[in-house]
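Peer 1: Please find one structure pasted underneath; my questions will follow.
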2 protein chains.
Amino acid sequence: MAEKQTEGRGPTQGAGGGGKARSDINDVARLARVSRQTVSNVLNNRTGYSEETRTRVLRAIEALDYQPHRAARSLRSQRTMQLGYHMPGEQLAAENAFVLGFIQALVRAAADHGHHVLVFTEQDDELEVFRELVAIRGVDGFILSGSRGDDPRAHYLHEAGVPFAVFGRTAPGLPQTWVDIDSVAAASSAVDYLVGRGHERLAYVGYDAQKSWDVERLEGFRKGLADHGIRVPERSIIVGRALEAVHADVLRLLGGKRPPTAVVTGSDVLAAVVVNAAKSLGLRVGQDLAVTGFDGGFVRHMTEPVLTSVRIPVDRIAAELIACCLRMIDDGTAQSTGILVPTEIAVGASA
Amino acid sequence: MAEKQTEGRGPTQGAGGGGKARSDINDVARLARVSRQTVSNVLNNRTGYSEETRTRVLRAIEALDYQPHRAARSLRSQRTMQLGYHMPGEQLAAENAFVLGFIQALVRAAADHGHHVLVFTEQDDELEVFRELVAIRGVDGFILSGSRGDDPRAHYLHEAGVPFAVFGRTAPGLPQTWVDIDSVAAASSAVDYLVGRGHERLAYVGYDAQKSWDVERLEGFRKGLADHGIRVPERSIIVGRALEAVHADVLRLLGGKRPPTAVVTGSDVLAAVVVNAAKSLGLRVGQDLAVTGFDGGFVRHMTEPVLTSVRIPVDRIAAELIACCLRMIDDGTAQSTGILVPTEIAVGASA
DNA sequence: CCGAGGAGCTTGAACGTTCAATCAATACGT
DNA sequence: ACGTATTGATTGAACGTTCAAGCTCCTCGG
């Protein structure tokens, strides 16, 4: 069965000895006895080839361990297969505890679609890196998180016509795709949980209202109270950003007269602070005082007892974000859609 | 002063109205009345043009807001200007508290050199993503961290001839570039600090020996003791991975007879656990019991009082790693070098 | 029997840059 | 004055892929 020997050599070998040059699409084509284009078609599973050719091509790809050159691909197809994630830059921010898990989830979700994640943070001007990344066409789209109100990043990306998906809601006027948890429902579910376990004197500890989440979680707490016809004094609602200050306020509250029996918090980090304060006063968390967290990441395990916490389903959120973003990239259209993903309560021993 | 008008049109405009096509190198060349190549040379600051041409080119670049197309560049130059960072994948691992700060530092350091960071994590097989990234030429090099002993990742990258720099030491036989803190000295400096403040009954709480760091920190603790001629009972050395178990052990230790007056820990997360346990027993941390952490990230502020901690200088480390990695990429040579960066003690109120 | 249409495959061009070679003009040493 | 560098610049080709045509053969309806 005389092979036609179009040009019998294998993958382009460097003339010398050691140089093991990677094979390109032409090598595959040669081995499979088809044209470049057919290989390309198989690779991008388009139509226009027989089943038999397909297997021959796949076999050749396998044999040569061929993988298409990313840069060459992007150059022609205008797709980098990379998404950019703008991470918050503050080194010591308490929200950071959440971000790592989010990144992990994003990376995984992106990988499921054959994409990579380029993580960046602002240097000087917040939009600078965005502009650069868009200009050099370094990514196909962006994932944003931690929006505060009217987000300049969202405005810029919209303006520039670059696909993006937001975790959280932002820039009300803009057509955009977002994924969010129902923070109000989530916080109020924490109240439900505590009331269900017999608590009536509740308190709330949260961040001051910098991001929409902070506002909504407090709102959810208030709604939860209202649902059960409970009223709490205003001093039982503590908000702040500096953990030291929050700690002091909590100490005062717990040490005061008619202290709360349960505390809902806006994050696991804050819950840890509350646990700390409670223990300083000799209270046994989980027995003398119930505490719920909000996040469900690794911080939940840092306290003793392990926190009962409203878990933010990062995997689900990341999957939706990536899927939405990729859909926008494929369609080229920016329709306004929002997805609310449900939270659940991860039960620990703190409440 | 009649312009020569080689071909007077500006950046390639889409015929229609709205389409604002980006300008390419030819547009710049045209506007500056030089050739592509000269623009390219200016861009990559090579030699071979007059100062006057240079300014003309720069002016043109400025005017057109030109930025070279990343993919085109990589295709020809074989440089992606991207580095890969393999992040640990476990969602709930306590080491995670450290990773985010490290990523932030890496991203910043890379940006200082005009590079981006592609963060990834293993899916199934640990090396799978490495292989893929190398095959498609998605990055110029890798940054590794969290090496445990003989790291298969390092072996693979060495084998494949891909530049990489490691935070921590690994794979003893391999020529490689690493940056590390002197964990032994760091941990022993914590002992010095505590002894300096009058403590004699010390304890250690660390992770069990999975990574070299864990081992060295304990070793440093022992060295510190030896330096001061102090002996501690073996039960004062607690190692484990599950935070709950560590908590229980610490409770037992602190509640026992002749409990330590100071605890050195192998991470801020563990220190937080110790603080928790101490408070459960009614001890005032910073007064009745001194606790030192190890890391210096945001976790340090999660406890009350704020932790006194051995700070790992992530910015410095990231800068060195990136610089080393880029040097390897430029030179194409993998020489064996190691850099030990000093730690310092971030003084809080816990010790 | 012819022409339209489609399935299956191929070919030249293009994407935007850098590489390698070349060229013109000026400066230099003897 | 003449060959030879040196400086400043240009041009064709190449990187490895996908796009946009095109080509060939076969089928099928009229």
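We name chains A, B, ... following the order of the structure tokens; residues begin at 1 in each chain, and ligands are numbered from 1 as shown.
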Which chain B residues have any atom within 9 Å of an atom of chain C, and for each, what is the nearest pair of atoms with distance in Å to one decimal, counting only C-alpha atoms (C1' of nucleotides), rows sorted by chain and number, as a tab-separated table?

Peer 2:
```
residue	atom	partner	partner_atom	distance
B:Asp24	CA	C:DG16	C1'	7.1
B:Ile25	CA	C:DG16	C1'	7.5
B:Gln37	CA	C:DT18	C1'	8.1
B:Ser40	CA	C:DT18	C1'	7.7
B:Pro68	CA	C:DT17	C1'	7.9
B:His69	CA	C:DG16	C1'	6.6
B:Arg70	CA	C:DT17	C1'	8.7
B:Ala71	CA	C:DG16	C1'	8.2
B:Ala72	CA	C:DT17	C1'	4.9
B:Arg73	CA	C:DT17	C1'	4.9
B:Ser74	CA	C:DT17	C1'	8.1
B:Leu75	CA	C:DT17	C1'	7.6
B:Arg76	CA	C:DT18	C1'	5.5
B:Ser77	CA	C:DT18	C1'	6.1
```

Peer 1: Using only C-alpha atoms (C1' of nucleotides), determine which residues of chain D fall within 9 Å of chain B; present them as a ChimeraX atom specification.

Peer 2: /D:7-10,14-16

Peer 1: Write a file of the just-selected residues containing N, CA and C atoms (P, O5', C5', C4', C3', O3' and C1' of nucleotides), as a short mmCIF file (atom, residue, chain, number, x, y, z; two decimals), in the first residue's frame.

Peer 2:
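Heads up, here's the output in part24.cif:
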```cif
data_model
loop_
_atom_site.label_atom_id
_atom_site.label_comp_id
_atom_site.auth_asym_id
_atom_site.auth_seq_id
_atom_site.Cartn_x
_atom_site.Cartn_y
_atom_site.Cartn_z
P DT D 7 28.14 53.49 14.39
"O5'" DT D 7 27.03 54.41 13.72
"C5'" DT D 7 27.41 55.69 13.17
"C4'" DT D 7 26.24 56.21 12.35
"C3'" DT D 7 24.87 55.97 12.98
"O3'" DT D 7 24.14 57.19 12.93
"C1'" DT D 7 24.89 55.18 10.75
P DG D 8 22.71 57.30 13.62
"O5'" DG D 8 21.74 57.06 12.38
"C5'" DG D 8 21.64 58.06 11.36
"C4'" DG D 8 20.69 57.56 10.31
"C3'" DG D 8 19.30 57.19 10.84
"O3'" DG D 8 18.33 57.94 10.12
"C1'" DG D 8 20.16 55.47 9.45
P DA D 9 16.80 57.86 10.61
"O5'" DA D 9 16.24 56.69 9.68
"C5'" DA D 9 16.02 57.00 8.32
"C4'" DA D 9 16.09 55.78 7.46
"C3'" DA D 9 14.85 54.87 7.44
"O3'" DA D 9 13.90 55.39 6.53
"C1'" DA D 9 16.92 53.70 7.12
P DT D 10 12.47 54.69 6.44
"O5'" DT D 10 12.74 53.54 5.35
"C5'" DT D 10 13.27 53.88 4.08
"C4'" DT D 10 13.52 52.61 3.27
"C3'" DT D 10 12.26 51.76 3.04
"O3'" DT D 10 12.09 51.55 1.65
"C1'" DT D 10 14.05 50.42 3.86
P DA D 14 10.29 33.10 3.31
"O5'" DA D 14 9.92 33.01 4.86
"C5'" DA D 14 10.90 33.32 5.83
"C4'" DA D 14 10.21 33.58 7.15
"C3'" DA D 14 9.12 32.56 7.49
"O3'" DA D 14 9.49 31.86 8.65
"C1'" DA D 14 8.38 34.81 7.86
P DC D 15 8.72 30.52 9.00
"O5'" DC D 15 8.06 30.74 10.42
"C5'" DC D 15 8.67 31.49 11.46
"C4'" DC D 15 7.59 32.03 12.36
"C3'" DC D 15 6.35 31.15 12.43
"O3'" DC D 15 6.45 30.28 13.56
"C1'" DC D 15 5.79 33.49 12.27
P DG D 16 6.22 28.68 13.31
"O5'" DG D 16 4.63 28.57 13.32
"C5'" DG D 16 3.95 28.87 14.53
"C4'" DG D 16 2.48 29.00 14.25
"C3'" DG D 16 1.84 27.77 13.60
"O3'" DG D 16 0.64 27.50 14.29
"C1'" DG D 16 1.32 29.70 12.36
#
```

Peer 1: Among the residues of segment 57-292 of chain A, find those DSSP assigns to strand (DSSP E) from the backbone and print them as an MDAnalysis selection string.

Peer 2: chainID A and resid 82:86 116:120 141:145 164:167 177:181 202:206 237:239 262:265 290:292

Peer 1: From segment 100-189 of chain A, collect each residue whose DSSP state is alpha helix (DSSP H) and return the set as number ranges by chain.

Peer 2: A: 100-112, 128-135, 152-160, 183-189

Peer 1: Which residue is closest to chain A? Choose from B:Ala105, B:Ala319, B:Ile136, B:Ala278 and count only C-alpha atoms.

Peer 2: B:Ile136

Peer 1: Give the answer as one residue: which of B:Val341, B:Leu194, B:Ile312, B:Met302 has the shortest atom-to-atom distance to chain A, using only C-alpha atoms?

Peer 2: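 Among B:Val341, B:Leu194, B:Ile312, B:Met302, it is B:Met302 that comes nearest to chain A.
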
Peer 1: Given only C-alpha atoms as the basis, pick out the residue of A:Val264, A:Ala277, A:Glu62, A:Glu304 nearest to Ala245 of chain A.

Peer 2: A:Ala277

Peer 1: Which residue out of B:Leu307, B:Met328, B:Leu243, B:Ala171 has the minimum interatomic distance to chain A when only C-alpha atoms are used?

Peer 2: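 Closest candidate: B:Leu243.
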
Peer 1: Which one of A:Phe221, A:Phe98, A:Phe298, A:Phe130 sits closest to chain B if you count only C-alpha atoms?

Peer 2: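 Of the candidates, the smallest distance to chain B is held by A:Phe298.
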
Peer 1: Give me, please, the distance in Å between atom CA of Val129 of chain B and atom CA of Leu83 of chain B, quoted to one decimal.

Peer 2: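 Between atom CA of Val129 of chain B and atom CA of Leu83 of chain B the gap is 13.5 Å.
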
Peer 1: Find, counting only C-alpha atoms, the residue in B:Glu128, B:Asp249, B:Asp227, B:Glu320 that gets nearest to Leu157 of chain B.

Peer 2: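 Answer, going by the shortest atom-to-atom distance: B:Glu128.
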
Peer 1: Quick one: residues within 10 Å of Gln176 of chain B, only C-alpha atoms (C1' of nucleotides), excluding same-chain residues fewer than 4 positions away - as a PDB file with C-alpha atoms, in the first residue's frame?

Peer 2:
```
ATOM      1  CA  ALA B 154       9.934  21.848  38.635  1.00  0.00           C
ATOM      2  CA  HIS B 155      11.131  18.633  37.079  1.00  0.00           C
ATOM      3  CA  HIS B 158      13.294  21.837  33.682  1.00  0.00           C
ATOM      4  CA  PRO B 163      12.156  29.235  32.472  1.00  0.00           C
ATOM      5  CA  PHE B 164      10.718  29.262  35.963  1.00  0.00           C
ATOM      6  CA  ALA B 165      11.399  30.716  39.377  1.00  0.00           C
ATOM      7  CA  VAL B 166      10.347  29.189  42.630  1.00  0.00           C
ATOM      8  CA  ARG B 169      13.292  25.656  47.583  1.00  0.00           C
ATOM      9  CA  THR B 170      12.610  22.442  45.783  1.00  0.00           C
ATOM     10  CA  ALA B 171      13.976  19.568  43.761  1.00  0.00           C
ATOM     11  CA  PRO B 172      17.524  19.724  45.142  1.00  0.00           C
ATOM     12  CA  MET B 328      16.212  33.607  32.539  1.00  0.00           C
ATOM     13  CA  ALA B 334      19.051  28.418  33.541  1.00  0.00           C
ATOM     14  CA  GLN B 335      21.729  29.093  36.086  1.00  0.00           C
ATOM     15  CA  SER B 336      21.307  27.997  39.644  1.00  0.00           C
ATOM     16  CA  THR B 337      20.823  30.942  41.916  1.00  0.00           C
ATOM     17  CA  GLY B 338      19.085  31.426  45.179  1.00  0.00           C
TER      18      GLY B 338
END
```

Peer 1: Please provide the set of residues having any atom within 12 Å of Tyr193 of chain B, restricted to only C-alpha atoms (C1' of nucleotides), with same-chain residues fewer than 4 positions apart removed, written as a list in words.

Peer 2: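 Result of the neighbour search: Ala185, Ala186, Ala187, Ser188, Ser189, Arg197, Gly198, His199, Glu200, Leu202, Phe221, Gly224, Leu225, His228, Ala262, Val263, Val264, Ala290, Val291, Thr292, Thr308, Ser309, Val310, Glu344, Ile345, Ala346, Val347 and Ala351 of chain B.
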
Peer 1: Take the residues that were just selected and, keeping C-alpha atoms, output them as a compact mmCIF listing (two decimals), in the first residue's frame.

Peer 2:
```
# COMPACT_ATOMS: atom_id res chain seq x y z
CA ALA B 185 16.21 32.52 61.07
CA ALA B 186 12.72 33.97 60.90
CA ALA B 187 11.22 31.54 63.36
CA SER B 188 14.20 31.82 65.62
CA SER B 189 13.89 35.61 65.53
CA ARG B 197 10.44 40.29 76.46
CA GLY B 198 11.08 37.98 79.36
CA HIS B 199 9.40 34.78 78.26
CA GLU B 200 10.95 31.45 79.09
CA LEU B 202 7.58 28.83 75.04
CA PHE B 221 11.93 27.53 66.77
CA GLY B 224 15.93 29.82 68.87
CA LEU B 225 15.46 27.83 72.03
CA HIS B 228 19.01 30.86 74.61
CA ALA B 262 4.29 32.52 74.91
CA VAL B 263 3.40 30.69 71.72
CA VAL B 264 5.26 30.91 68.45
CA ALA B 290 2.00 36.15 74.16
CA VAL B 291 1.34 34.88 70.64
CA THR B 292 3.31 35.49 67.50
CA THR B 308 2.76 40.45 66.36
CA SER B 309 3.96 38.49 63.39
CA VAL B 310 6.95 37.54 61.32
CA GLU B 344 11.16 41.39 59.95
CA ILE B 345 8.82 41.31 62.88
CA ALA B 346 5.65 43.29 62.51
CA VAL B 347 4.89 44.29 66.05
CA ALA B 351 3.22 39.74 72.05
```

Peer 1: Skipping near chain neighbours, those fewer than 4 positions away, what residues fall within 10 Å of Met81 of chain A using only C-alpha atoms (C1' of nucleotides), listed as a list of chain:residue names?

Peer 2: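 Close residues of Met81 of chain A: A:Arg70, A:Arg73, A:Ser74, A:Ala110, A:Ala111, A:His113, A:Gly114, A:His115, A:His116, A:Val117, A:Gly138, A:Val139, A:Asp140, A:Gly141, A:Leu326.
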
Peer 1: Next, write the just-selected residues to a file, as an mmCIF file, in the first residue's frame, keeping N, CA and C atoms as the atom set.

Peer 2:
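For reference, part.cif as written:
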```cif
data_model
loop_
_atom_site.group_PDB
_atom_site.id
_atom_site.type_symbol
_atom_site.label_atom_id
_atom_site.label_comp_id
_atom_site.auth_asym_id
_atom_site.auth_seq_id
_atom_site.Cartn_x
_atom_site.Cartn_y
_atom_site.Cartn_z
ATOM 1 N N ARG A 70 -1.086 29.438 20.242
ATOM 2 C CA ARG A 70 -2.088 30.388 20.704
ATOM 3 C C ARG A 70 -1.995 31.750 20.014
ATOM 4 N N ARG A 73 -3.128 31.773 16.409
ATOM 5 C CA ARG A 73 -4.573 31.662 16.400
ATOM 6 C C ARG A 73 -5.236 33.000 16.677
ATOM 7 N N SER A 74 -4.791 33.647 17.746
ATOM 8 C CA SER A 74 -5.411 34.922 18.114
ATOM 9 C C SER A 74 -5.236 35.940 17.011
ATOM 10 N N ALA A 110 -13.365 28.969 33.823
ATOM 11 C CA ALA A 110 -12.813 29.374 32.539
ATOM 12 C C ALA A 110 -12.152 28.183 31.850
ATOM 13 N N ALA A 111 -11.446 27.396 32.638
ATOM 14 C CA ALA A 111 -10.760 26.228 32.083
ATOM 15 C C ALA A 111 -11.768 25.259 31.457
ATOM 16 N N HIS A 113 -14.097 25.928 29.772
ATOM 17 C CA HIS A 113 -14.430 26.393 28.431
ATOM 18 C C HIS A 113 -13.171 26.654 27.610
ATOM 19 N N GLY A 114 -12.080 26.095 28.052
ATOM 20 C CA GLY A 114 -10.844 26.263 27.291
ATOM 21 C C GLY A 114 -10.250 27.656 27.349
ATOM 22 N N HIS A 115 -10.604 28.392 28.383
ATOM 23 C CA HIS A 115 -10.072 29.747 28.488
ATOM 24 C C HIS A 115 -9.129 29.884 29.679
ATOM 25 N N HIS A 116 -8.268 30.866 29.602
ATOM 26 C CA HIS A 116 -7.390 31.163 30.712
ATOM 27 C C HIS A 116 -7.773 32.486 31.338
ATOM 28 N N VAL A 117 -7.337 32.673 32.563
ATOM 29 C CA VAL A 117 -7.673 33.904 33.274
ATOM 30 C C VAL A 117 -6.420 34.721 33.535
ATOM 31 N N GLY A 138 -5.421 41.922 24.651
ATOM 32 C CA GLY A 138 -4.865 40.862 25.486
ATOM 33 C C GLY A 138 -5.893 39.872 25.986
ATOM 34 N N VAL A 139 -7.139 40.275 26.015
ATOM 35 C CA VAL A 139 -8.200 39.381 26.490
ATOM 36 C C VAL A 139 -9.453 39.574 25.633
ATOM 37 N N ASP A 140 -10.339 38.591 25.735
ATOM 38 C CA ASP A 140 -11.583 38.676 24.964
ATOM 39 C C ASP A 140 -12.691 39.365 25.742
ATOM 40 N N GLY A 141 -12.528 39.398 27.055
ATOM 41 C CA GLY A 141 -13.568 40.003 27.874
ATOM 42 C C GLY A 141 -13.111 40.105 29.305
ATOM 43 N N LEU A 326 -18.697 34.559 27.912
ATOM 44 C CA LEU A 326 -18.345 33.895 26.664
ATOM 45 C C LEU A 326 -19.485 34.010 25.648
#
```

Peer 1: Find the residues around Leu58 of chain B up to 12 Å (only C-alpha atoms (C1' of nucleotides) counted), leave out those fewer than 3 positions away in its own chain, and share them as a ChimeraX atom specification.

Peer 2: /B:25,28-29,31-34,38-45,51-55,61-67

Peer 1: Suppose we keep N, CA and C atoms; can you now write the selection as a CSV table (one decimal), in the first residue's frame?

Peer 2:
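Below you can see result_34.csv, which holds the result:
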```csv
chain,number,residue,atom,x,y,z
B,25,ILE,N,0.8,49.4,13.0
B,25,ILE,CA,2.2,50.0,12.9
B,25,ILE,C,2.4,50.7,11.6
B,28,VAL,N,1.2,54.3,11.9
B,28,VAL,CA,2.2,55.1,12.6
B,28,VAL,C,3.4,55.4,11.7
B,29,ALA,N,3.8,54.4,10.9
B,29,ALA,CA,5.0,54.6,10.0
B,29,ALA,C,4.6,55.7,9.0
B,31,LEU,N,2.4,58.1,9.2
B,31,LEU,CA,2.3,59.4,9.9
B,31,LEU,C,3.7,60.0,10.2
B,32,ALA,N,4.6,59.2,10.6
B,32,ALA,CA,5.9,59.6,11.0
B,32,ALA,C,6.8,59.7,9.8
B,33,ARG,N,6.3,59.3,8.6
B,33,ARG,CA,7.1,59.2,7.4
B,33,ARG,C,8.4,58.4,7.6
B,34,VAL,N,8.2,57.2,8.1
B,34,VAL,CA,9.3,56.3,8.2
B,34,VAL,C,8.8,54.9,7.8
B,38,THR,N,11.4,50.9,11.3
B,38,THR,CA,11.9,51.9,12.2
B,38,THR,C,11.0,52.1,13.4
B,39,VAL,N,9.7,52.1,13.1
B,39,VAL,CA,8.7,52.2,14.2
B,39,VAL,C,9.0,51.1,15.2
B,40,SER,N,9.1,49.9,14.6
B,40,SER,CA,9.3,48.7,15.4
B,40,SER,C,10.6,48.9,16.3
B,41,ASN,N,11.6,49.4,15.7
B,41,ASN,CA,12.9,49.6,16.4
B,41,ASN,C,12.7,50.6,17.5
B,42,VAL,N,12.0,51.7,17.3
B,42,VAL,CA,11.8,52.6,18.3
B,42,VAL,C,11.0,52.0,19.5
B,43,LEU,N,10.0,51.3,19.1
B,43,LEU,CA,9.1,50.6,20.0
B,43,LEU,C,9.9,49.7,21.0
B,44,ASN,N,10.8,48.9,20.4
B,44,ASN,CA,11.6,48.0,21.2
B,44,ASN,C,12.9,48.5,21.6
B,45,ASN,N,13.0,49.8,21.7
B,45,ASN,CA,14.2,50.5,21.8
B,45,ASN,C,15.5,49.8,21.5
B,51,GLU,N,17.9,60.7,16.7
B,51,GLU,CA,17.0,61.2,17.8
B,51,GLU,C,15.8,61.9,17.2
B,52,GLU,N,16.0,62.5,16.1
B,52,GLU,CA,14.9,63.3,15.5
B,52,GLU,C,13.8,62.3,15.0
B,53,THR,N,14.2,61.3,14.4
B,53,THR,CA,13.2,60.3,13.9
B,53,THR,C,12.5,59.7,15.1
B,54,ARG,N,13.2,59.4,16.1
B,54,ARG,CA,12.6,58.9,17.3
B,54,ARG,C,11.5,59.7,17.8
B,55,THR,N,11.7,61.0,18.0
B,55,THR,CA,10.7,61.8,18.5
B,55,THR,C,9.5,61.9,17.5
B,61,ILE,N,3.0,57.8,17.4
B,61,ILE,CA,2.4,56.8,18.3
B,61,ILE,C,1.4,57.5,19.2
B,62,GLU,N,1.8,58.6,19.8
B,62,GLU,CA,1.0,59.3,20.7
B,62,GLU,C,-0.3,59.8,20.0
B,63,ALA,N,-0.1,60.4,18.9
B,63,ALA,CA,-1.2,60.9,18.2
B,63,ALA,C,-2.3,59.9,17.8
B,64,LEU,N,-1.8,58.7,17.4
B,64,LEU,CA,-2.8,57.7,17.0
B,64,LEU,C,-3.2,56.8,18.2
B,65,ASP,N,-2.6,57.0,19.3
B,65,ASP,CA,-2.8,56.2,20.5
B,65,ASP,C,-2.6,54.7,20.1
B,66,TYR,N,-1.4,54.5,19.5
B,66,TYR,CA,-1.1,53.2,19.0
B,66,TYR,C,-0.5,52.3,20.1
B,67,GLN,N,-1.0,51.1,20.1
B,67,GLN,CA,-0.4,50.1,21.0
B,67,GLN,C,-0.2,48.8,20.1
```
